[in-house]
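*Asks:* Right, I'll just put the structure down here and ask away after.
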Amino acid sequence: MSETPLPNIFDLTPLNPSFNENPHALLDRLRSECPVHRDTQAGSFVLTRYADVRGVLSDTTLWRDPDKAEPEAVLQKRIREERIEGIEMEQDEGRKGILLLDNPDHARIRNPLAKALYKRVARCRPQVERVVDEILGRLDGRAQFDVMADFAILVPIDVIARILGVDDTRLAEFREWSEGVILTLNPFRTPEQTSVLVAAAVALSDYMKELIGARRADARDDLVSDMVALQAEGAPISDGELSVNLQSLLVGGNLTTTDLIGNAVFHFLKNPAELEKLKSDPTLINSAVEEVLRFEGPVDITGRIASRDLDIGGCPIRKTQSVMLSLRGANHDPEVFPDPHRFDISRTSTPHVAFGGGTHLCIGSPLARLEAQVALPALFNRFPKLRLTKPDAPPRWRSLPFFRGLQDLIVDT
Ligand code: HEM
């Protein structure tokens, strides 16, 4: 065992430059030396072994609501504060995003939303293809572009706008608000950024309410109309709850899907043999996307709160204590993924945990997968000679804690 103290959760964020450079040096150490680690600064246990992480995710009796955690669980509490600070929403609404809800409210809101969203995602491939083609069309003739700003950021926003049913005339504003509300995820935002966030959140919330009213009066072929129809059939969701949860599709889905596409392009360009493999067998696209999610998933951690006394790997955890799950650590556990730090799109191994699991399993996972499965082949087909402009320069990872994505990704065509 090493003499150096074990890393705490803040060392496992981009605040620590060495984590940014290579997250696995610290995660591997934690997994092998103390896989169920009590981090006193965060007031939480940190789990890095796949079996433990999977076990906690699958236990649907555990809590998610930070208000149920013991006072020491400062990181969990901070998540709640971050989400409502500065945003003037009715208390009731602000607290009804499914991510931090427990049953029965979680199931009451999530079930109808999931039913409507999954049905729509199952038939929206042509819409996604159109969005991707349109964005790539704008890049025709460019010798160089930024995969992030010119492609990966644009795709998820336009796709979710089409799914929700945002009117074409409001698309430009919707894009602006969508970028604004993403700032919710940044605990280190400047006061100016907080003002942008608050303005965007208020405008988006007003627009959602307007859209719900408009679709109730005159239904169209979109998710908002589907949800209004489910309400009319008896789904017990208020308009406020609906509005908040439709907005959470943007907050939860845009940056993450952007990063999935960006991380995928980066690792394929860094691993040309894997790109060749995909090009010569396009049916590998699904396992390729799963490997990107495992290898460099966009979300680092999720959390639960013990709803009873637990024993994890021989370590006692008391009711109300917080448990943080390192999804990245679990996805690189050598017990489960042989040679875990190798990017290999033909792996047919155990499923990764990049989307969490159990009752809170990412509701947008089918959509994120679909977008990546469409976007990546379309990009590589349109630009068959795509390469990194500076192949030897270190990648510029964003500094957002608990998310992993690139600030920019400049390529030559
Ligand atoms: C690659 C892209 C994405 C990743 C890596 C990701 C990851 C995650 C993770 C780790 C969770 C927490 C799960 C848990 O605690 O067990 C989550 C929840 C959630 N995600 Fe995603 N997500 C992605 C895309 C999306 C998209 C596209 C949407 C919306 C369309 C979305 C909306 C949500 C929502 C609303 C929740 C809360 C679900 C609940 O608590 O019941 N996500 N996501």
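Just remember, in the structure tokens the first chain shown is A, the second B, etc., residues are 1-based per chain, and ligands are 1-based in the order shown.
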Which chains and residue numbers are within 8 Å of ligand 1, counting only C-alpha atoms and all ligand atoms, if I want them as a ChimeraX atom specification?

*Replies:* /A:57,64,97-101,106,110,156,160,245,248-260,293,297-304,327,353-369

*Asks:* Tell me which protein, DNA and RNA residues are within 6 Å of stretch 182-198 of chain A, counting only C-alpha atoms, leaving out same-chain ones fewer than 2 positions away, and put them as a list in words.

*Replies:*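 Counting only the stated atoms, we get Ile87, Glu179, Gly180, Ala200, Ala201, Val251 and Leu400 of chain A.
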
*Asks:* Generate a file of the selected residues that holds C-alpha atoms, formatted as a compact mmCIF listing (two decimals), in the first residue's frame.

*Replies:*
```txt
# COMPACT_ATOMS: atom_id res chain seq x y z
CA ILE A 87 -33.62 30.16 -10.18
CA GLU A 179 -27.00 26.33 -23.99
CA GLY A 180 -27.85 28.65 -21.07
CA ALA A 200 -32.39 31.08 -19.89
CA ALA A 201 -34.14 28.96 -17.26
CA VAL A 251 -30.14 19.70 -18.93
CA LEU A 400 -16.66 20.71 -15.38
```

*Asks:* Measuring atom to atom with only C-alpha atoms, identify which of A:Asp28, A:Asp206, A:Asp412, A:Asp221 is nearest to A:Gln247.

*Replies:*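 Closest to A:Gln247 of all the choices is A:Asp206.
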
*Asks:* Stretch 261-370 of chain A: which residues are helix (DSSP H, G or I) by DSSP, as a PyMOL selection string?

*Replies:* chain A and resi 261-270+272-280+282-296+327-331+358-360+365-370

*Asks:* Deliver the residues from the most recent selection as a file, using N, CA and C atoms, as a compact mmCIF listing (two decimals), in the first residue's frame.

*Replies:*
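What ended up in result08.txt:
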```
# COMPACT_ATOMS: atom_id res chain seq x y z
N ILE A 261 -20.53 12.11 -28.43
CA ILE A 261 -20.10 12.23 -29.84
C ILE A 261 -18.65 12.72 -29.90
N GLY A 262 -18.34 13.75 -29.11
CA GLY A 262 -16.98 14.31 -29.12
C GLY A 262 -15.94 13.28 -28.68
N ASN A 263 -16.22 12.59 -27.56
CA ASN A 263 -15.27 11.59 -27.06
C ASN A 263 -15.08 10.47 -28.07
N ALA A 264 -16.17 10.11 -28.74
CA ALA A 264 -16.09 9.04 -29.74
C ALA A 264 -15.19 9.47 -30.89
N VAL A 265 -15.42 10.67 -31.42
CA VAL A 265 -14.61 11.12 -32.57
C VAL A 265 -13.14 11.17 -32.16
N PHE A 266 -12.88 11.72 -30.97
CA PHE A 266 -11.50 11.83 -30.50
C PHE A 266 -10.83 10.45 -30.44
N HIS A 267 -11.49 9.49 -29.80
CA HIS A 267 -10.83 8.18 -29.63
C HIS A 267 -10.73 7.42 -30.95
N PHE A 268 -11.66 7.61 -31.84
CA PHE A 268 -11.50 6.96 -33.15
C PHE A 268 -10.33 7.56 -33.92
N LEU A 269 -10.18 8.89 -33.83
CA LEU A 269 -9.06 9.50 -34.57
C LEU A 269 -7.73 9.14 -33.92
N LYS A 270 -7.74 8.89 -32.63
CA LYS A 270 -6.52 8.46 -31.93
C LYS A 270 -6.23 6.99 -32.16
N PRO A 272 -6.71 4.74 -35.14
CA PRO A 272 -7.15 4.54 -36.54
C PRO A 272 -7.49 3.08 -36.86
N ALA A 273 -6.88 2.12 -36.18
CA ALA A 273 -7.19 0.72 -36.47
C ALA A 273 -8.64 0.42 -36.10
N GLU A 274 -9.12 1.03 -34.99
CA GLU A 274 -10.51 0.81 -34.59
C GLU A 274 -11.46 1.50 -35.58
N LEU A 275 -11.04 2.65 -36.09
CA LEU A 275 -11.87 3.35 -37.08
C LEU A 275 -11.96 2.51 -38.36
N GLU A 276 -10.85 1.95 -38.77
CA GLU A 276 -10.85 1.08 -39.97
C GLU A 276 -11.77 -0.11 -39.76
N LYS A 277 -11.70 -0.68 -38.53
CA LYS A 277 -12.55 -1.82 -38.20
C LYS A 277 -14.02 -1.45 -38.40
N LEU A 278 -14.38 -0.27 -37.90
CA LEU A 278 -15.77 0.18 -38.00
C LEU A 278 -16.16 0.44 -39.45
N LYS A 279 -15.23 1.05 -40.20
CA LYS A 279 -15.55 1.38 -41.60
C LYS A 279 -15.72 0.09 -42.41
N SER A 280 -14.90 -0.92 -42.10
CA SER A 280 -15.01 -2.13 -42.92
C SER A 280 -16.17 -3.01 -42.44
N PRO A 282 -19.65 -1.83 -40.84
CA PRO A 282 -20.52 -0.83 -40.22
C PRO A 282 -21.50 -1.41 -39.20
N THR A 283 -21.70 -2.75 -39.23
CA THR A 283 -22.63 -3.31 -38.23
C THR A 283 -22.03 -3.24 -36.82
N LEU A 284 -20.75 -2.88 -36.75
CA LEU A 284 -20.12 -2.74 -35.42
C LEU A 284 -20.52 -1.43 -34.71
N ILE A 285 -21.30 -0.59 -35.38
CA ILE A 285 -21.57 0.73 -34.80
C ILE A 285 -22.18 0.65 -33.39
N ASN A 286 -23.10 -0.31 -33.18
CA ASN A 286 -23.71 -0.36 -31.84
C ASN A 286 -22.68 -0.71 -30.77
N SER A 287 -21.84 -1.72 -31.05
CA SER A 287 -20.86 -2.07 -30.03
C SER A 287 -19.79 -0.98 -29.92
N ALA A 288 -19.56 -0.25 -31.03
CA ALA A 288 -18.59 0.87 -30.97
C ALA A 288 -19.09 1.95 -30.01
N VAL A 289 -20.37 2.28 -30.10
CA VAL A 289 -20.92 3.32 -29.22
C VAL A 289 -20.87 2.84 -27.76
N GLU A 290 -21.17 1.55 -27.55
CA GLU A 290 -21.11 1.01 -26.17
C GLU A 290 -19.68 1.09 -25.63
N GLU A 291 -18.70 0.84 -26.53
CA GLU A 291 -17.32 0.88 -26.06
C GLU A 291 -16.90 2.32 -25.71
N VAL A 292 -17.38 3.30 -26.48
CA VAL A 292 -17.06 4.69 -26.13
C VAL A 292 -17.68 5.01 -24.76
N LEU A 293 -18.92 4.56 -24.55
CA LEU A 293 -19.58 4.82 -23.27
C LEU A 293 -18.81 4.18 -22.12
N ARG A 294 -18.28 2.99 -22.34
CA ARG A 294 -17.51 2.32 -21.29
C ARG A 294 -16.15 3.00 -21.11
N PHE A 295 -15.49 3.23 -22.22
CA PHE A 295 -14.09 3.67 -22.19
C PHE A 295 -13.96 5.13 -21.75
N GLU A 296 -14.84 5.97 -22.27
CA GLU A 296 -14.76 7.41 -21.94
C GLU A 296 -16.17 7.98 -21.85
N LEU A 327 -18.72 5.75 -11.86
CA LEU A 327 -19.11 4.99 -13.07
C LEU A 327 -17.87 4.74 -13.93
N ARG A 328 -16.98 5.74 -13.97
CA ARG A 328 -15.74 5.59 -14.74
C ARG A 328 -14.86 4.49 -14.12
N GLY A 329 -14.78 4.50 -12.78
CA GLY A 329 -13.98 3.47 -12.10
C GLY A 329 -14.54 2.09 -12.38
N ALA A 330 -15.86 1.95 -12.25
CA ALA A 330 -16.50 0.64 -12.47
C ALA A 330 -16.29 0.17 -13.91
N ASN A 331 -16.35 1.09 -14.84
CA ASN A 331 -16.23 0.73 -16.26
C ASN A 331 -14.81 0.35 -16.67
N GLY A 358 -30.87 0.75 -12.48
CA GLY A 358 -32.02 0.62 -11.57
C GLY A 358 -33.12 1.57 -11.97
N THR A 359 -33.86 2.07 -10.97
CA THR A 359 -35.02 2.91 -11.30
C THR A 359 -34.60 4.26 -11.92
N HIS A 360 -33.37 4.70 -11.64
CA HIS A 360 -32.93 6.00 -12.17
C HIS A 360 -32.13 5.87 -13.46
N SER A 365 -31.19 7.32 -22.38
CA SER A 365 -30.16 6.45 -22.97
C SER A 365 -30.51 5.96 -24.39
N PRO A 366 -31.77 5.59 -24.69
CA PRO A 366 -32.04 5.16 -26.07
C PRO A 366 -31.81 6.30 -27.07
N LEU A 367 -32.12 7.51 -26.64
CA LEU A 367 -31.94 8.65 -27.55
C LEU A 367 -30.46 8.97 -27.76
N ALA A 368 -29.69 8.98 -26.66
CA ALA A 368 -28.25 9.26 -26.78
C ALA A 368 -27.58 8.23 -27.67
N ARG A 369 -27.94 6.96 -27.47
CA ARG A 369 -27.36 5.89 -28.30
C ARG A 369 -27.70 6.12 -29.78
N LEU A 370 -28.98 6.41 -30.02
CA LEU A 370 -29.41 6.60 -31.41
C LEU A 370 -28.65 7.75 -32.06
```

*Asks:* Considering only C-alpha atoms, state which residue in the set A:Asp167, A:Asp39, A:Asp105, A:Glu129 is at the smallest distance from A:Glu241.

*Replies:*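 Using only C-alpha atoms, the shortest distance to A:Glu241 belongs to A:Asp105.
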
*Asks:* With only C-alpha atoms as the counted atoms, please give the residues lying no more than 10 Å from stretch 112-127 of chain A, apart from itself and same-chain residues fewer than 3 positions off, as a PyMOL selection string.

*Replies:* chain A and resi 107-109+130-133+158-159+162-164+221-227+229-231+235-237+242+245-246+363-368+370-371+373-374

*Asks:* Would you write out those residues with N, CA, C and O atoms, as a short mmCIF file (atom, residue, chain, number, x, y, z; two decimals), in the first residue's frame?

*Replies:*
```cif
data_model
loop_
_atom_site.label_atom_id
_atom_site.label_comp_id
_atom_site.auth_asym_id
_atom_site.auth_seq_id
_atom_site.Cartn_x
_atom_site.Cartn_y
_atom_site.Cartn_z
N ALA A 107 -41.78 7.43 -9.63
CA ALA A 107 -42.49 6.55 -10.58
C ALA A 107 -43.70 7.27 -11.18
O ALA A 107 -43.99 7.14 -12.38
N ARG A 108 -44.37 8.06 -10.36
CA ARG A 108 -45.57 8.76 -10.85
C ARG A 108 -45.23 9.67 -12.03
O ARG A 108 -45.97 9.74 -13.01
N ILE A 109 -44.07 10.34 -11.95
CA ILE A 109 -43.70 11.27 -13.03
C ILE A 109 -42.91 10.55 -14.12
O ILE A 109 -43.14 10.74 -15.31
N ARG A 130 -31.98 13.48 -40.51
CA ARG A 130 -32.15 14.79 -41.18
C ARG A 130 -31.36 15.87 -40.46
O ARG A 130 -30.66 16.67 -41.09
N VAL A 131 -31.45 15.89 -39.14
CA VAL A 131 -30.73 16.91 -38.36
C VAL A 131 -29.22 16.78 -38.61
O VAL A 131 -28.52 17.77 -38.88
N VAL A 132 -28.71 15.55 -38.54
CA VAL A 132 -27.26 15.32 -38.71
C VAL A 132 -26.82 15.74 -40.12
O VAL A 132 -25.81 16.44 -40.29
N ASP A 133 -27.61 15.35 -41.12
CA ASP A 133 -27.26 15.70 -42.51
C ASP A 133 -27.22 17.20 -42.72
O ASP A 133 -26.34 17.73 -43.40
N ASP A 158 -30.78 20.27 -31.54
CA ASP A 158 -31.77 20.26 -32.62
C ASP A 158 -32.65 19.02 -32.57
O ASP A 158 -33.85 19.09 -32.85
N VAL A 159 -32.06 17.88 -32.17
CA VAL A 159 -32.87 16.65 -32.10
C VAL A 159 -33.94 16.79 -31.02
O VAL A 159 -35.13 16.52 -31.26
N ARG A 162 -36.80 18.99 -32.06
CA ARG A 162 -37.75 18.32 -32.98
C ARG A 162 -38.65 17.37 -32.21
O ARG A 162 -39.84 17.26 -32.48
N ILE A 163 -38.06 16.63 -31.26
CA ILE A 163 -38.86 15.65 -30.51
C ILE A 163 -39.92 16.34 -29.66
O ILE A 163 -41.08 15.95 -29.62
N LEU A 164 -39.51 17.42 -28.99
CA LEU A 164 -40.46 18.14 -28.14
C LEU A 164 -41.55 18.81 -28.97
O LEU A 164 -42.69 18.94 -28.53
N ASP A 221 -47.86 16.28 -33.74
CA ASP A 221 -47.13 15.01 -33.65
C ASP A 221 -45.81 15.26 -32.89
O ASP A 221 -44.75 15.36 -33.52
N ASP A 222 -45.89 15.42 -31.57
CA ASP A 222 -44.66 15.69 -30.81
C ASP A 222 -44.81 15.24 -29.36
O ASP A 222 -45.91 14.87 -28.92
N LEU A 223 -43.69 15.26 -28.61
CA LEU A 223 -43.68 14.73 -27.24
C LEU A 223 -44.56 15.54 -26.29
O LEU A 223 -45.21 14.97 -25.41
N VAL A 224 -44.59 16.85 -26.48
CA VAL A 224 -45.43 17.67 -25.59
C VAL A 224 -46.89 17.27 -25.78
O VAL A 224 -47.62 17.07 -24.80
N SER A 225 -47.31 17.06 -27.02
CA SER A 225 -48.70 16.62 -27.26
C SER A 225 -48.94 15.24 -26.65
O SER A 225 -50.00 14.99 -26.06
N ASP A 226 -47.95 14.34 -26.76
CA ASP A 226 -48.09 13.00 -26.16
C ASP A 226 -48.32 13.11 -24.66
O ASP A 226 -49.15 12.43 -24.08
N MET A 227 -47.54 13.98 -24.02
CA MET A 227 -47.63 14.11 -22.56
C MET A 227 -48.96 14.74 -22.13
O MET A 227 -49.56 14.33 -21.15
N ALA A 229 -51.69 14.45 -23.76
CA ALA A 229 -52.70 13.40 -23.96
C ALA A 229 -52.68 12.42 -22.79
O ALA A 229 -53.74 12.02 -22.29
N LEU A 230 -51.49 12.07 -22.31
CA LEU A 230 -51.41 11.15 -21.16
C LEU A 230 -52.02 11.79 -19.92
O LEU A 230 -52.73 11.13 -19.15
N GLN A 231 -51.78 13.09 -19.75
CA GLN A 231 -52.41 13.79 -18.61
C GLN A 231 -53.94 13.69 -18.72
O GLN A 231 -54.62 13.39 -17.75
N ALA A 235 -52.89 10.48 -16.33
CA ALA A 235 -51.55 10.45 -15.73
C ALA A 235 -51.46 11.61 -14.72
O ALA A 235 -51.68 12.76 -15.08
N PRO A 236 -51.15 11.31 -13.45
CA PRO A 236 -51.22 12.35 -12.41
C PRO A 236 -49.98 13.24 -12.36
O PRO A 236 -49.22 13.21 -11.41
N ILE A 237 -49.79 14.04 -13.39
CA ILE A 237 -48.66 14.98 -13.42
C ILE A 237 -49.22 16.38 -13.62
O ILE A 237 -50.02 16.60 -14.52
N LEU A 242 -44.58 18.72 -15.33
CA LEU A 242 -44.30 18.37 -16.72
C LEU A 242 -43.25 19.32 -17.30
O LEU A 242 -42.27 18.91 -17.92
N ASN A 245 -39.76 18.66 -15.94
CA ASN A 245 -39.15 17.42 -16.41
C ASN A 245 -38.87 17.44 -17.91
O ASN A 245 -37.93 16.78 -18.36
N LEU A 246 -39.63 18.23 -18.66
CA LEU A 246 -39.27 18.39 -20.08
C LEU A 246 -37.96 19.18 -20.17
O LEU A 246 -37.10 18.89 -20.99
N ILE A 363 -32.98 8.06 -18.48
CA ILE A 363 -34.19 7.97 -19.30
C ILE A 363 -33.89 8.29 -20.77
O ILE A 363 -34.60 7.87 -21.66
N GLY A 364 -32.79 9.01 -20.98
CA GLY A 364 -32.44 9.42 -22.34
C GLY A 364 -31.49 8.45 -23.03
O GLY A 364 -31.06 8.72 -24.16
N SER A 365 -31.19 7.32 -22.38
CA SER A 365 -30.16 6.45 -22.97
C SER A 365 -30.51 5.96 -24.39
O SER A 365 -29.62 5.95 -25.26
N PRO A 366 -31.77 5.59 -24.69
CA PRO A 366 -32.04 5.16 -26.07
C PRO A 366 -31.81 6.30 -27.07
O PRO A 366 -31.35 6.07 -28.20
N LEU A 367 -32.12 7.51 -26.64
CA LEU A 367 -31.94 8.65 -27.55
C LEU A 367 -30.46 8.97 -27.76
O LEU A 367 -30.00 9.19 -28.89
N ALA A 368 -29.69 8.98 -26.66
CA ALA A 368 -28.25 9.26 -26.78
C ALA A 368 -27.58 8.23 -27.67
O ALA A 368 -26.75 8.57 -28.53
N LEU A 370 -28.98 6.41 -30.02
CA LEU A 370 -29.41 6.60 -31.41
C LEU A 370 -28.65 7.75 -32.06
O LEU A 370 -28.16 7.65 -33.19
N GLU A 371 -28.53 8.87 -31.34
CA GLU A 371 -27.84 10.03 -31.93
C GLU A 371 -26.40 9.68 -32.28
O GLU A 371 -25.91 10.03 -33.36
N GLN A 373 -25.18 6.67 -32.82
CA GLN A 373 -25.15 5.64 -33.87
C GLN A 373 -25.41 6.25 -35.26
O GLN A 373 -24.93 5.73 -36.26
N VAL A 374 -26.14 7.36 -35.29
CA VAL A 374 -26.38 8.03 -36.58
C VAL A 374 -25.24 9.01 -36.89
O VAL A 374 -24.72 9.06 -38.00
#
```

*Asks:* Name the residues of stretch 188-336 of chain A that come out as strand (DSSP E or B) in a backbone DSSP run; write them as a ChimeraX atom specification.

*Replies:* /A:299,301-305,310-312,315-317,322-326

*Asks:* Given the selection you just returned, output its residues as a file containing C-alpha atoms, formatted as an mmCIF file, in the first residue's frame.

*Replies:*
```cif
data_model
loop_
_atom_site.group_PDB
_atom_site.id
_atom_site.type_symbol
_atom_site.label_atom_id
_atom_site.label_comp_id
_atom_site.auth_asym_id
_atom_site.auth_seq_id
_atom_site.Cartn_x
_atom_site.Cartn_y
_atom_site.Cartn_z
ATOM 1 C CA VAL A 299 -20.672 11.203 -16.723
ATOM 2 C CA ILE A 301 -20.451 9.631 -10.960
ATOM 3 C CA THR A 302 -23.934 9.180 -9.664
ATOM 4 C CA GLY A 303 -25.106 8.745 -6.099
ATOM 5 C CA ARG A 304 -27.509 7.050 -3.733
ATOM 6 C CA ILE A 305 -28.367 7.390 -0.042
ATOM 7 C CA LEU A 310 -25.880 -1.722 4.492
ATOM 8 C CA ASP A 311 -22.783 -3.845 4.168
ATOM 9 C CA ILE A 312 -20.789 -3.229 1.005
ATOM 10 C CA CYS A 315 -17.785 -2.179 5.002
ATOM 11 C CA PRO A 316 -20.725 -1.050 7.175
ATOM 12 C CA ILE A 317 -22.728 1.907 5.818
ATOM 13 C CA SER A 322 -24.208 8.920 1.126
ATOM 14 C CA VAL A 323 -22.701 6.577 -1.448
ATOM 15 C CA MET A 324 -21.066 7.988 -4.579
ATOM 16 C CA LEU A 325 -20.578 5.566 -7.436
ATOM 17 C CA SER A 326 -17.621 6.069 -9.740
#
```

*Asks:* Under the rule that only C-alpha atoms are counted, which of A:Ala219, A:Tyr207, A:Thr320, A:His341 is the nearest residue to A:Pro66?

*Replies:*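 Closest to A:Pro66 of all the choices is A:Thr320.
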
*Asks:* What does the distance from atom CA of A:Thr61 to atom CA of A:Leu30 come to in Å, to one decimal?

*Replies:*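 It comes out at 26.6 Å.
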
*Asks:* Given the choices A:Phe19, A:Trp177, A:Tyr50, A:Phe45, which gets closest to A:Glu335 if the distance is worked out from only C-alpha atoms?

*Replies:*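 Closest to A:Glu335, using only C-alpha atoms: A:Tyr50.
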